[in-house]
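File shown: work-v9.cif (mmCIF, C-alpha atoms).
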```
data_target
#
loop_
_atom_site.label_atom_id
_atom_site.label_comp_id
_atom_site.auth_asym_id
_atom_site.auth_seq_id
_atom_site.Cartn_x
_atom_site.Cartn_y
_atom_site.Cartn_z
CA MET A 326 99.14 24.37 45.11
CA TYR A 327 100.74 21.77 47.35
CA ILE A 328 99.92 19.40 50.18
CA ARG A 329 102.13 18.62 53.17
CA VAL A 330 101.51 15.58 55.37
CA GLU A 331 102.88 15.34 58.91
CA PRO A 332 102.26 13.28 62.06
CA PHE A 333 99.46 14.42 64.37
CA GLY A 334 99.62 11.88 67.21
CA GLN A 335 98.02 8.49 67.78
CA VAL A 336 94.47 7.22 68.34
CA GLY A 337 93.97 3.67 69.61
CA GLY A 338 97.45 2.69 68.49
CA LYS A 339 96.92 4.10 64.99
CA LYS A 340 98.77 7.11 63.61
CA ALA A 341 96.79 10.23 62.80
CA SER A 342 98.03 12.72 60.22
CA LEU A 343 97.70 16.43 59.57
CA TYR A 344 97.26 17.58 55.96
CA THR A 345 98.11 21.14 54.94
CA LEU A 346 96.55 22.35 51.67
CA LYS A 347 98.30 25.57 50.62
CA ASN A 348 97.55 27.76 47.62
CA ALA A 349 99.63 30.12 45.49
CA LEU A 350 98.56 33.12 47.61
CA GLY A 351 99.96 31.59 50.81
CA ALA A 352 96.54 30.87 52.32
CA LEU A 353 96.09 27.38 53.71
CA VAL A 354 93.77 24.86 55.29
CA ARG A 355 94.87 22.20 57.78
CA ILE A 356 92.77 19.05 58.22
CA THR A 357 93.32 15.91 60.26
CA ASP A 358 92.14 12.47 59.19
CA TYR A 359 90.72 11.89 62.68
CA ALA A 360 87.11 13.15 62.69
CA GLY A 361 87.92 14.77 59.35
CA ALA A 362 88.37 17.90 61.45
CA ILE A 363 89.41 21.27 60.08
CA VAL A 364 92.27 22.26 62.37
CA ALA A 365 93.18 25.67 60.93
CA ILE A 366 92.42 28.03 58.07
CA GLU A 367 94.87 30.86 57.44
CA THR A 368 93.60 33.70 55.25
CA PRO A 369 94.77 37.29 54.72
CA ASP A 370 93.17 40.36 56.26
CA LYS A 371 92.70 43.66 54.40
CA LYS A 372 96.41 44.45 54.89
CA GLY A 373 97.48 41.10 53.51
CA ASN A 374 98.45 39.64 56.89
CA LEU A 375 97.75 35.94 57.28
CA ASP A 376 96.11 34.62 60.44
CA ASN A 377 94.28 31.50 61.53
CA ILE A 378 90.50 32.05 61.66
CA VAL A 379 89.19 28.76 63.10
CA LEU A 380 89.37 27.22 66.57
CA GLY A 381 91.39 24.02 66.76
CA PHE A 382 93.79 21.86 68.73
CA GLY A 383 97.52 21.22 68.41
CA ASP A 384 97.33 17.42 68.26
CA VAL A 385 94.82 14.65 67.76
CA LYS A 386 94.18 14.18 71.51
CA GLY A 387 92.09 17.34 71.52
CA TYR A 388 89.81 15.89 68.86
CA VAL A 389 89.34 12.58 70.66
CA LYS A 390 87.96 14.44 73.71
CA ASN A 391 86.19 16.96 71.50
CA ASP A 392 82.74 17.29 73.08
CA GLY A 393 82.47 20.72 71.45
CA TYR A 394 82.91 19.08 68.02
CA LEU A 395 85.52 21.68 67.00
CA GLY A 396 86.13 21.44 63.25
CA ALA A 397 84.72 17.92 63.01
CA LEU A 398 82.69 16.19 60.35
CA ILE A 399 79.24 15.41 61.71
CA GLY A 400 77.07 12.56 60.51
CA PRO A 401 75.37 10.58 59.32
CA VAL A 402 72.80 12.96 60.84
CA GLY A 403 73.82 16.28 62.32
CA ASN A 404 72.03 18.29 65.00
CA ARG A 405 69.31 17.00 67.33
CA ILE A 406 66.90 14.06 67.21
CA SER A 407 64.15 14.32 69.81
CA ASN A 408 63.70 11.61 72.42
CA ALA A 409 66.88 9.99 71.07
CA GLY A 410 64.92 7.89 68.63
CA PHE A 411 62.79 7.66 65.51
CA ALA A 412 60.77 5.30 63.32
CA PHE A 413 61.97 4.51 59.81
CA GLY A 414 60.86 1.88 57.32
CA GLY A 415 58.41 0.38 59.77
CA LYS A 416 61.06 -0.13 62.46
CA LYS A 417 61.80 1.85 65.62
CA TYR A 418 65.35 2.96 66.40
CA ALA A 419 66.45 3.98 69.91
CA PHE A 420 69.74 5.48 71.09
CA THR A 421 71.42 6.52 74.30
CA ALA A 422 70.65 10.20 74.77
CA ASN A 423 73.80 12.35 74.87
CA GLU A 424 72.21 15.75 75.56
CA ASN A 425 69.94 16.69 78.47
CA GLY A 426 69.23 13.00 79.07
CA LYS A 427 66.67 12.98 76.25
CA THR A 428 68.23 14.11 72.96
CA LEU A 429 70.52 12.45 70.42
CA LEU A 430 73.02 15.10 69.30
CA HIS A 431 75.24 14.75 66.21
CA SER A 432 74.61 10.99 65.82
CA GLY A 433 75.95 10.03 69.25
CA SER A 434 79.03 7.99 70.10
CA PHE A 435 79.63 6.36 66.71
CA GLY A 436 79.28 9.27 64.33
CA PHE A 437 81.64 10.76 61.77
CA HIS A 438 83.51 12.69 64.47
CA THR A 439 84.68 9.51 66.24
CA VAL A 440 86.74 7.67 63.61
CA LEU A 441 90.10 7.79 61.86
CA TRP A 442 89.28 8.14 58.16
CA ASP A 443 91.26 6.66 55.26
CA ALA A 444 92.88 9.53 53.39
CA GLU A 445 94.19 10.25 49.89
CA CYS A 446 95.48 13.59 48.65
CA GLU A 447 96.43 15.20 45.36
CA ALA A 448 97.22 18.65 44.02
CA ASP A 449 97.53 20.46 40.70
CA GLU A 450 98.07 24.07 39.66
CA LYS A 451 94.53 25.16 40.55
CA SER A 452 93.58 23.23 43.69
CA ALA A 453 94.52 20.71 46.37
CA ARG A 454 92.19 17.88 47.43
CA LEU A 455 91.94 15.63 50.45
CA THR A 456 89.61 12.64 50.08
CA LEU A 457 88.44 10.90 53.25
CA LYS A 458 86.60 7.56 53.32
CA ALA A 459 85.14 5.49 56.17
CA ASP A 460 82.57 2.76 56.75
CA PHE A 461 79.80 3.11 59.33
CA PRO A 462 78.09 -0.27 59.87
CA SER A 463 74.56 -0.27 61.24
CA ASP A 464 75.48 -2.43 64.23
CA LYS A 465 77.85 0.33 65.39
CA THR A 466 75.98 3.52 64.51
CA GLY A 467 72.47 2.30 65.23
CA PHE A 468 71.22 3.98 62.03
CA PRO A 469 69.53 2.08 59.18
CA GLY A 470 71.84 0.53 56.60
CA ASN A 471 75.56 -0.08 56.41
CA LEU A 472 76.91 3.27 55.32
CA LYS A 473 79.97 4.18 53.27
CA ALA A 474 80.93 7.83 53.52
CA THR A 475 83.26 9.84 51.28
CA VAL A 476 84.13 13.47 52.04
CA VAL A 477 86.32 15.54 49.72
CA TYR A 478 87.91 18.79 50.88
CA THR A 479 89.11 21.02 48.01
CA PHE A 480 91.04 24.26 48.53
CA ASP A 481 91.85 26.47 45.54
CA ASN A 482 93.68 29.60 44.47
CA GLU A 483 90.51 31.67 44.92
CA ASN A 484 90.67 31.05 48.70
CA ALA A 485 87.61 28.81 48.49
CA LEU A 486 87.19 25.65 50.56
CA THR A 487 84.65 23.20 49.13
CA ILE A 488 83.31 20.18 51.02
CA ASP A 489 81.67 17.42 48.95
CA TYR A 490 79.74 14.72 50.82
CA LYS A 491 78.67 11.31 49.52
CA ILE A 492 76.98 8.63 51.61
CA GLU A 493 76.07 5.22 50.21
CA SER A 494 73.92 2.59 51.91
CA ASP A 495 73.08 -1.07 51.26
CA ALA A 496 69.53 -0.47 52.53
CA PRO A 497 67.10 2.47 52.77
CA SER A 498 68.43 5.06 55.21
CA PHE A 499 68.68 8.85 55.55
CA ALA A 500 71.36 11.47 56.14
CA SER A 501 72.10 15.09 56.95
CA PRO A 502 75.89 15.46 57.37
CA THR A 503 77.64 18.74 58.11
CA ASN A 504 80.86 20.29 59.37
CA HIS A 505 81.20 21.86 62.82
CA THR A 506 84.05 24.35 62.34
CA TYR A 507 84.10 27.38 64.66
CA PHE A 508 85.07 30.49 62.70
CA ASN A 509 86.41 33.79 64.03
CA LEU A 510 87.29 36.24 61.26
CA GLY A 511 89.02 38.47 63.79
CA GLY A 512 91.94 36.03 63.82
CA LEU A 513 93.47 34.02 66.63
CA SER A 514 97.09 35.23 66.76
CA ALA A 515 96.49 37.85 69.45
CA LYS A 516 96.90 36.89 73.09
CA LYS A 517 93.20 37.60 73.63
CA VAL A 518 90.78 36.00 71.17
CA PRO A 519 88.24 38.59 69.97
CA SER A 520 84.53 37.96 70.44
CA ILE A 521 82.55 37.01 67.34
CA GLU A 522 79.89 39.45 68.59
CA ARG A 523 81.71 42.31 66.87
CA GLN A 524 81.17 40.60 63.51
CA THR A 525 78.14 41.09 61.29
CA MET A 526 76.00 38.21 60.08
CA GLU A 527 73.76 37.84 57.06
CA ILE A 528 71.68 34.71 56.46
CA PHE A 529 69.43 34.76 53.44
CA ALA A 530 66.37 33.11 54.95
CA ASP A 531 62.73 34.21 55.25
CA TYR A 532 62.04 31.55 57.89
CA PHE A 533 63.81 30.17 60.95
CA THR A 534 62.95 27.14 63.07
CA ARG A 535 61.36 27.81 66.45
CA VAL A 536 62.47 25.43 69.19
CA ASP A 537 61.37 24.36 72.65
CA ALA A 538 63.41 24.70 75.85
CA ASP A 539 65.52 21.68 74.82
CA CYS A 540 66.23 23.23 71.39
CA ILE A 541 64.02 20.66 69.66
CA PRO A 542 62.29 22.10 66.55
CA LEU A 543 58.62 23.03 66.78
CA GLU A 544 57.82 24.81 63.53
CA ASN A 545 59.23 27.15 60.92
CA ALA A 546 58.29 30.79 61.49
CA LYS A 547 58.82 34.04 59.61
CA VAL A 548 61.91 36.01 60.63
CA ASP A 549 60.10 39.33 60.22
CA GLU A 550 60.32 41.60 63.26
CA THR A 551 62.48 39.14 65.21
CA PRO A 552 66.20 39.01 66.07
CA PHE A 553 66.38 36.25 63.45
CA ASP A 554 65.85 38.59 60.53
CA LEU A 555 69.40 38.50 59.22
CA ARG A 556 68.57 39.19 55.59
CA ARG A 557 70.49 42.43 56.02
CA PRO A 558 73.76 42.76 57.97
CA VAL A 559 73.24 42.57 61.74
CA LYS A 560 76.02 42.86 64.30
CA ILE A 561 75.83 39.66 66.32
CA LYS A 562 76.06 41.65 69.56
CA ASP A 563 72.94 43.60 68.55
CA GLY A 564 71.04 40.36 67.96
CA HIS A 565 72.08 39.02 71.34
CA ALA A 566 70.80 42.21 72.97
CA HIS A 567 67.35 40.54 72.79
CA GLU A 568 68.50 37.54 74.82
CA GLU A 569 66.57 38.57 77.94
CA THR A 570 63.34 39.46 76.17
CA ASP A 571 63.02 37.04 73.27
CA GLU A 572 61.92 33.49 74.21
CA GLN A 573 63.76 31.86 71.32
CA MET A 574 66.97 33.66 72.26
CA LYS A 575 66.55 32.43 75.83
CA TYR A 576 66.10 28.83 74.71
CA GLY A 577 69.25 28.93 72.57
CA ALA A 578 71.24 31.04 75.08
CA GLY A 579 71.70 33.26 72.02
CA TYR A 580 71.79 32.25 68.37
CA ASP A 581 71.55 28.46 68.05
CA HIS A 582 68.85 28.09 65.42
CA ASN A 583 68.13 26.62 62.02
CA PHE A 584 67.39 28.94 59.09
CA ILE A 585 65.45 27.89 55.97
CA LEU A 586 67.39 29.24 53.02
CA THR A 587 65.51 31.36 50.50
CA GLY A 588 67.77 32.05 47.53
CA GLU A 589 67.57 30.24 44.21
CA LYS A 590 70.27 27.74 43.36
CA CYS A 591 72.77 28.74 40.69
CA GLU A 592 72.09 26.82 37.46
CA LYS A 593 75.82 26.26 36.90
CA THR A 594 76.94 25.18 40.39
CA GLY A 595 73.70 23.96 41.98
CA LEU A 596 74.54 26.06 45.05
CA ARG A 597 72.67 28.93 46.68
CA PHE A 598 74.20 31.90 48.51
CA ALA A 599 73.39 31.06 52.13
CA ALA A 600 75.26 33.43 54.43
CA ARG A 601 77.94 36.10 54.76
CA VAL A 602 80.04 36.98 57.81
CA THR A 603 82.08 40.19 57.98
CA ASP A 604 84.67 41.45 60.44
CA LYS A 605 85.08 45.16 59.74
CA LYS A 606 88.26 45.51 61.80
CA THR A 607 90.25 42.92 59.83
CA GLY A 608 88.24 43.34 56.64
CA ARG A 609 87.76 39.59 56.36
CA ILE A 610 84.61 38.26 54.71
CA MET A 611 83.34 34.69 54.56
CA LYS A 612 80.61 33.71 52.12
CA VAL A 613 78.82 30.36 52.43
CA TYR A 614 77.22 28.56 49.48
CA THR A 615 75.38 25.24 49.69
CA ASP A 616 72.86 22.96 48.02
CA MET A 617 71.43 22.03 51.42
CA PRO A 618 68.05 23.61 52.29
CA ALA A 619 69.03 25.06 55.67
CA VAL A 620 71.87 26.22 57.91
CA GLN A 621 72.32 26.22 61.69
CA PHE A 622 73.83 29.41 63.09
CA TYR A 623 75.47 28.66 66.43
CA ALA A 624 77.22 31.56 68.14
CA GLY A 625 79.38 29.46 70.48
CA ASN A 626 77.14 30.22 73.43
CA HIS A 627 78.36 27.23 75.47
CA LEU A 628 81.95 27.18 74.25
CA SER A 629 84.56 26.40 76.90
CA ARG A 630 87.45 24.28 75.64
CA TYR A 631 91.10 24.27 76.70
CA ASN A 632 93.66 24.43 73.90
CA ALA A 633 96.77 22.84 75.41
CA SER A 634 99.04 23.74 72.48
CA GLU A 635 98.29 27.45 72.91
CA LYS A 636 97.76 27.21 76.70
CA ARG A 637 94.47 29.08 76.66
CA TYR A 638 90.75 28.48 76.74
CA TYR A 639 88.35 29.02 73.91
CA LYS A 640 85.51 30.80 75.65
CA LYS A 641 81.88 31.70 75.07
CA ARG A 642 81.28 33.41 71.72
CA GLN A 643 84.87 33.25 70.50
CA GLY A 644 83.79 31.16 67.53
CA LEU A 645 80.66 30.74 65.40
CA CYS A 646 79.38 27.81 63.35
CA LEU A 647 77.38 27.79 60.12
CA GLU A 648 76.33 24.15 59.75
CA THR A 649 74.59 23.44 56.44
CA GLN A 650 71.92 20.78 56.89
CA PHE A 651 68.33 19.60 56.63
CA THR A 652 66.02 20.96 59.30
CA PRO A 653 66.86 19.18 62.59
CA ASP A 654 64.60 16.34 63.76
CA SER A 655 62.99 16.08 60.33
CA ILE A 656 62.89 12.30 60.74
CA ASN A 657 60.29 12.78 63.50
CA ASN A 658 58.36 15.41 61.52
CA PRO A 659 58.46 14.22 57.90
CA GLY A 660 56.66 16.68 55.66
CA ALA A 661 55.54 18.88 58.56
CA PHE A 662 56.37 22.61 58.48
CA GLY A 663 58.63 22.01 55.47
CA PHE A 664 60.81 19.47 57.31
CA ASP A 665 62.40 17.30 54.60
CA VAL A 666 64.10 13.92 55.02
CA ALA A 667 66.95 12.99 52.67
CA VAL A 668 66.34 9.30 52.02
CA ILE A 669 69.18 7.12 50.74
CA THR A 670 68.69 3.90 48.80
CA PRO A 671 71.25 1.49 47.34
CA GLU A 672 70.45 3.03 43.94
CA LYS A 673 70.48 6.64 45.12
CA PRO A 674 73.28 7.75 47.46
CA PHE A 675 73.21 11.02 49.33
CA THR A 676 75.35 13.80 47.83
CA SER A 677 75.81 17.40 48.90
CA THR A 678 78.22 20.32 48.52
CA THR A 679 79.05 23.29 50.74
CA LYS A 680 81.55 26.01 49.83
CA TYR A 681 83.23 28.61 52.03
CA VAL A 682 84.82 31.55 50.17
CA PHE A 683 87.25 33.86 52.02
CA SER A 684 88.21 37.40 51.03
CA ALA A 685 89.13 40.76 52.57
CA GLN A 686 88.50 44.39 51.75
#
```

Kindly present the structure from the file in structure tokens form.
Amino acid sequence: MYIRVEPFGQVGGKKASLYTLKNALGALVRITDYAGAIVAIETPDKKGNLDNIVLGFGDVKGYVKNDGYLGALIGPVGNRISNAGFAFGGKKYAFTANENGKTLLHSGSFGFHTVLWDAECEADEKSARLTLKADFPSDKTGFPGNLKATVVYTFDNENALTIDYKIESDAPSFASPTNHTYFNLGGLSAKKVPSIERQTMEIFADYFTRVDADCIPLENAKVDETPFDLRRPVKIKDGHAHEETDEQMKYGAGYDHNFILTGEKCEKTGLRFAARVTDKKTGRIMKVYTDMPAVQFYAGNHLSRYNASEKRYYKKRQGLCLETQFTPDSINNPGAFGFDVAVITPEKPFTSTTKYVFSAQ
């Protein structure tokens, strides 16, 4: 295993870097210290050919203007908070809405995706690690407590990428961080990016979260006899075939919903098998494991981002996200419908792990 560090442009007069973590099989992950964004992941297909399978930009400028959150770390609280505010610890917190004039999305203008993180890297025979650290003071973020975040990316010789999160606070607070990488197991080397609709999705969840027209959670409902029953492989295109008839599909413009994970956690790792994506043409498979209770499946329904380095647009449904998380807007529904809030105290930091495992057959 080895790590290469190279320049990736400048942000506010500071130099950003690009870190390449490469394993003995030739597979690699590229991450920038700005936004902690995953820039590229190259894995082999069933013929052994390497190709990049995530949407990204060629320099840091793309991530500064990244309103699609491509590859970025999201926090301290991912997803949506209704009415751009909440009450916590007897105090009310209000934010400037950044979605539909009423919703706080992905922690707003001072979240994890907006800073240049301090970085350290190391490698041994089995794995390569990139450790990112940053402070998020309450007077900037608007969230309770002065937060210290540490995120560790580990890539190993088994083609597994593990993300470990730790958030500390000097006062009671809460968190639900995630990563917003857009995956496309079809590969991105071709002139035309394939649609993720040809891929099959499995999410091991008996319940999904119903939303209103603004995608704000209402309740958790059974997936039975709905397009959200992904406990067995479903081609994404077949699920989207219900877009005109299913109210929830209309509200999300396709899949953009939270799923409550069902499987038991492994005693050894503490992780549960959350999801599997398969592209039959390339043979690539991605398995997702996490200790978080839920995952957001977003099918890139509103994706439209120009990639200057490749001189092409990333368009609707050319990438999908699997964002491990707590149920969105839990802070405004504590205990209701199984919505849990992950409270942090000075004595008990938030910790979480998500693992993406890549293979082909």

Do a neighbour search on A:Val536 at 8 Å with all atoms listed in the file, toss out local chain neighbours closer than 5 positions, and write the hits as a list of chain:residue names.
A:Ile541, A:Pro542, A:Leu543, A:Glu544, A:Gln573, A:Tyr576, A:His582

Considering all atoms listed in the file, can you say which of A:Gly410, A:Pro469, A:Gly433, A:Gly608 comes closest to A:Ala685?
A:Gly608

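The shortest atom-to-atom distance to A:Tyr614, with only C-alpha atoms taken into account, belongs to A:Leu486 out of A:Leu486, A:Val477, A:Met526, A:Ala362.
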
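Residues matched by the PyMOL selection byres ((chain A and resi 641) around 9) in this file are Ser520, Ala624, Gly625, Asn626, His627, Leu628, Ser629, Tyr639, Lys640, Arg642, Gln643 and Gly644 of chain A.
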
Save out the residues we just selected, C-alpha atoms, as a short mmCIF file (atom, residue, chain, number, x, y, z; two decimals), in the coordinates of the input.
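Written file, again-v8.cif:
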```cif
data_model
loop_
_atom_site.label_atom_id
_atom_site.label_comp_id
_atom_site.auth_asym_id
_atom_site.auth_seq_id
_atom_site.Cartn_x
_atom_site.Cartn_y
_atom_site.Cartn_z
CA SER A 520 84.53 37.96 70.44
CA ALA A 624 77.22 31.56 68.14
CA GLY A 625 79.38 29.46 70.48
CA ASN A 626 77.14 30.22 73.43
CA HIS A 627 78.36 27.23 75.47
CA LEU A 628 81.95 27.18 74.25
CA SER A 629 84.56 26.40 76.90
CA TYR A 639 88.35 29.02 73.91
CA LYS A 640 85.51 30.80 75.65
CA ARG A 642 81.28 33.41 71.72
CA GLN A 643 84.87 33.25 70.50
CA GLY A 644 83.79 31.16 67.53
#
```

Kindly resolve the PyMOL selection byres ((chain A and resi 438-453) around 8) on the present coordinates and return the residues as JSON, numbers by chain.
{"A": [326, 327, 328, 336, 341, 346, 347, 348, 358, 359, 360, 361, 362, 389, 394, 397, 398, 399, 400, 434, 435, 436, 437, 454, 455, 456, 457, 458, 459, 479, 480, 481, 482]}

Contacts of stretch 492-495 of chain A within 7 Å, all atoms listed in the file, excl. fewer than 5 positions in-chain, as a PDB file with C-alpha atoms, in the frame of the given file:
```pdb
ATOM      1  CA  GLY A 470      71.840   0.530  56.600  1.00  0.00           C
ATOM      2  CA  ASN A 471      75.560  -0.080  56.410  1.00  0.00           C
ATOM      3  CA  LEU A 472      76.910   3.270  55.320  1.00  0.00           C
ATOM      4  CA  LYS A 473      79.970   4.180  53.270  1.00  0.00           C
ATOM      5  CA  ALA A 474      80.930   7.830  53.520  1.00  0.00           C
ATOM      6  CA  THR A 475      83.260   9.840  51.280  1.00  0.00           C
ATOM      7  CA  ILE A 669      69.180   7.120  50.740  1.00  0.00           C
ATOM      8  CA  THR A 670      68.690   3.900  48.800  1.00  0.00           C
ATOM      9  CA  PRO A 671      71.250   1.490  47.340  1.00  0.00           C
ATOM     10  CA  PRO A 674      73.280   7.750  47.460  1.00  0.00           C
ATOM     11  CA  PHE A 675      73.210  11.020  49.330  1.00  0.00           C
ATOM     12  CA  THR A 676      75.350  13.800  47.830  1.00  0.00           C
TER      13      THR A 676
END
```

Take the structure in the block and write a file for stretch 524-554 of chain A, N, CA and C atoms, as a JSON list (two decimals), in the first residue's frame.
```json
[["chain", "number", "residue", "atom", "x", "y", "z"],
["A", 524, "GLN", "N", -28.50, -0.50, -13.06],
["A", 524, "GLN", "CA", -27.95, -1.24, -11.94],
["A", 524, "GLN", "C", -29.05, -1.73, -11.02],
["A", 525, "THR", "N", -28.77, -2.79, -10.28],
["A", 525, "THR", "CA", -29.74, -3.33, -9.34],
["A", 525, "THR", "C", -29.37, -2.90, -7.93],
["A", 526, "MET", "N", -30.40, -2.66, -7.12],
["A", 526, "MET", "CA", -30.22, -2.18, -5.76],
["A", 526, "MET", "C", -30.87, -3.15, -4.78],
["A", 527, "GLU", "N", -30.18, -3.40, -3.69],
["A", 527, "GLU", "CA", -30.75, -4.10, -2.55],
["A", 527, "GLU", "C", -30.48, -3.26, -1.30],
["A", 528, "ILE", "N", -31.51, -3.00, -0.52],
["A", 528, "ILE", "CA", -31.37, -2.35, 0.78],
["A", 528, "ILE", "C", -32.13, -3.20, 1.79],
["A", 529, "PHE", "N", -31.46, -3.62, 2.81],
["A", 529, "PHE", "CA", -32.03, -4.58, 3.74],
["A", 529, "PHE", "C", -32.77, -3.85, 4.84],
["A", 530, "ALA", "N", -33.99, -3.44, 4.50],
["A", 530, "ALA", "CA", -34.81, -2.61, 5.37],
["A", 530, "ALA", "C", -36.27, -3.01, 5.24],
["A", 531, "ASP", "N", -36.94, -3.21, 6.37],
["A", 531, "ASP", "CA", -38.37, -3.52, 6.37],
["A", 531, "ASP", "C", -39.22, -2.26, 6.34],
["A", 532, "TYR", "N", -38.60, -1.12, 6.68],
["A", 532, "TYR", "CA", -39.33, 0.15, 6.72],
["A", 532, "TYR", "C", -38.56, 1.23, 5.95],
["A", 533, "PHE", "N", -39.30, 2.15, 5.36],
["A", 533, "PHE", "CA", -38.72, 3.35, 4.79],
["A", 533, "PHE", "C", -39.45, 4.55, 5.38],
["A", 534, "THR", "N", -38.91, 5.75, 5.17],
["A", 534, "THR", "CA", -39.48, 6.94, 5.77],
["A", 534, "THR", "C", -40.30, 7.70, 4.73],
["A", 535, "ARG", "N", -41.61, 7.79, 4.97],
["A", 535, "ARG", "CA", -42.48, 8.57, 4.10],
["A", 535, "ARG", "C", -42.21, 10.05, 4.32],
["A", 536, "VAL", "N", -42.31, 10.82, 3.24],
["A", 536, "VAL", "CA", -42.01, 12.25, 3.31],
["A", 536, "VAL", "C", -43.18, 13.06, 2.74],
["A", 537, "ASP", "N", -43.13, 14.38, 3.01],
["A", 537, "ASP", "CA", -44.12, 15.26, 2.40],
["A", 537, "ASP", "C", -43.57, 15.82, 1.09],
["A", 538, "ALA", "N", -44.24, 16.77, 0.51],
["A", 538, "ALA", "CA", -43.84, 17.31, -0.80],
["A", 538, "ALA", "C", -42.49, 18.01, -0.76],
["A", 539, "ASP", "N", -42.03, 18.40, 0.43],
["A", 539, "ASP", "CA", -40.72, 19.03, 0.59],
["A", 539, "ASP", "C", -39.66, 18.04, 1.05],
["A", 540, "CYS", "N", -39.99, 16.75, 0.98],
["A", 540, "CYS", "CA", -39.10, 15.66, 1.38],
["A", 540, "CYS", "C", -38.76, 15.68, 2.87],
["A", 541, "ILE", "N", -39.66, 16.25, 3.69],
["A", 541, "ILE", "CA", -39.51, 16.23, 5.13],
["A", 541, "ILE", "C", -40.18, 14.97, 5.67],
["A", 542, "PRO", "N", -39.52, 14.19, 6.52],
["A", 542, "PRO", "CA", -40.08, 12.94, 7.02],
["A", 542, "PRO", "C", -41.40, 13.11, 7.76],
["A", 543, "LEU", "N", -42.30, 12.16, 7.53],
["A", 543, "LEU", "CA", -43.59, 12.11, 8.19],
["A", 543, "LEU", "C", -43.68, 10.95, 9.17],
["A", 544, "GLU", "N", -43.32, 9.76, 8.68],
["A", 544, "GLU", "CA", -43.40, 8.55, 9.50],
["A", 544, "GLU", "C", -42.65, 7.43, 8.80],
["A", 545, "ASN", "N", -42.35, 6.39, 9.55],
["A", 545, "ASN", "CA", -41.76, 5.20, 8.97],
["A", 545, "ASN", "C", -42.87, 4.21, 8.61],
["A", 546, "ALA", "N", -42.81, 3.69, 7.40],
["A", 546, "ALA", "CA", -43.86, 2.81, 6.89],
["A", 546, "ALA", "C", -43.25, 1.53, 6.33],
["A", 547, "LYS", "N", -44.02, 0.45, 6.34],
["A", 547, "LYS", "CA", -43.53, -0.81, 5.80],
["A", 547, "LYS", "C", -43.28, -0.70, 4.30],
["A", 548, "VAL", "N", -42.23, -1.38, 3.84],
["A", 548, "VAL", "CA", -41.89, -1.34, 2.42],
["A", 548, "VAL", "C", -42.75, -2.30, 1.60],
["A", 549, "ASP", "N", -43.46, -3.19, 2.27],
["A", 549, "ASP", "CA", -44.23, -4.22, 1.57],
["A", 549, "ASP", "C", -45.16, -3.63, 0.52],
["A", 550, "GLU", "N", -45.13, -4.23, -0.66],
["A", 550, "GLU", "CA", -46.00, -3.86, -1.78],
["A", 550, "GLU", "C", -45.83, -2.40, -2.19],
["A", 551, "THR", "N", -44.61, -1.91, -2.10],
["A", 551, "THR", "CA", -44.26, -0.56, -2.57],
["A", 551, "THR", "C", -42.99, -0.65, -3.40],
["A", 552, "PRO", "N", -42.68, 0.40, -4.17],
["A", 552, "PRO", "CA", -41.41, 0.41, -4.92],
["A", 552, "PRO", "C", -40.19, 0.46, -4.00],
["A", 553, "PHE", "N", -40.44, 0.61, -2.69],
["A", 553, "PHE", "CA", -39.34, 0.73, -1.73],
["A", 553, "PHE", "C", -38.97, -0.61, -1.10],
["A", 554, "ASP", "N", -39.61, -1.66, -1.56],
["A", 554, "ASP", "CA", -39.22, -2.99, -1.10],
["A", 554, "ASP", "C", -38.02, -3.45, -1.92]]
```
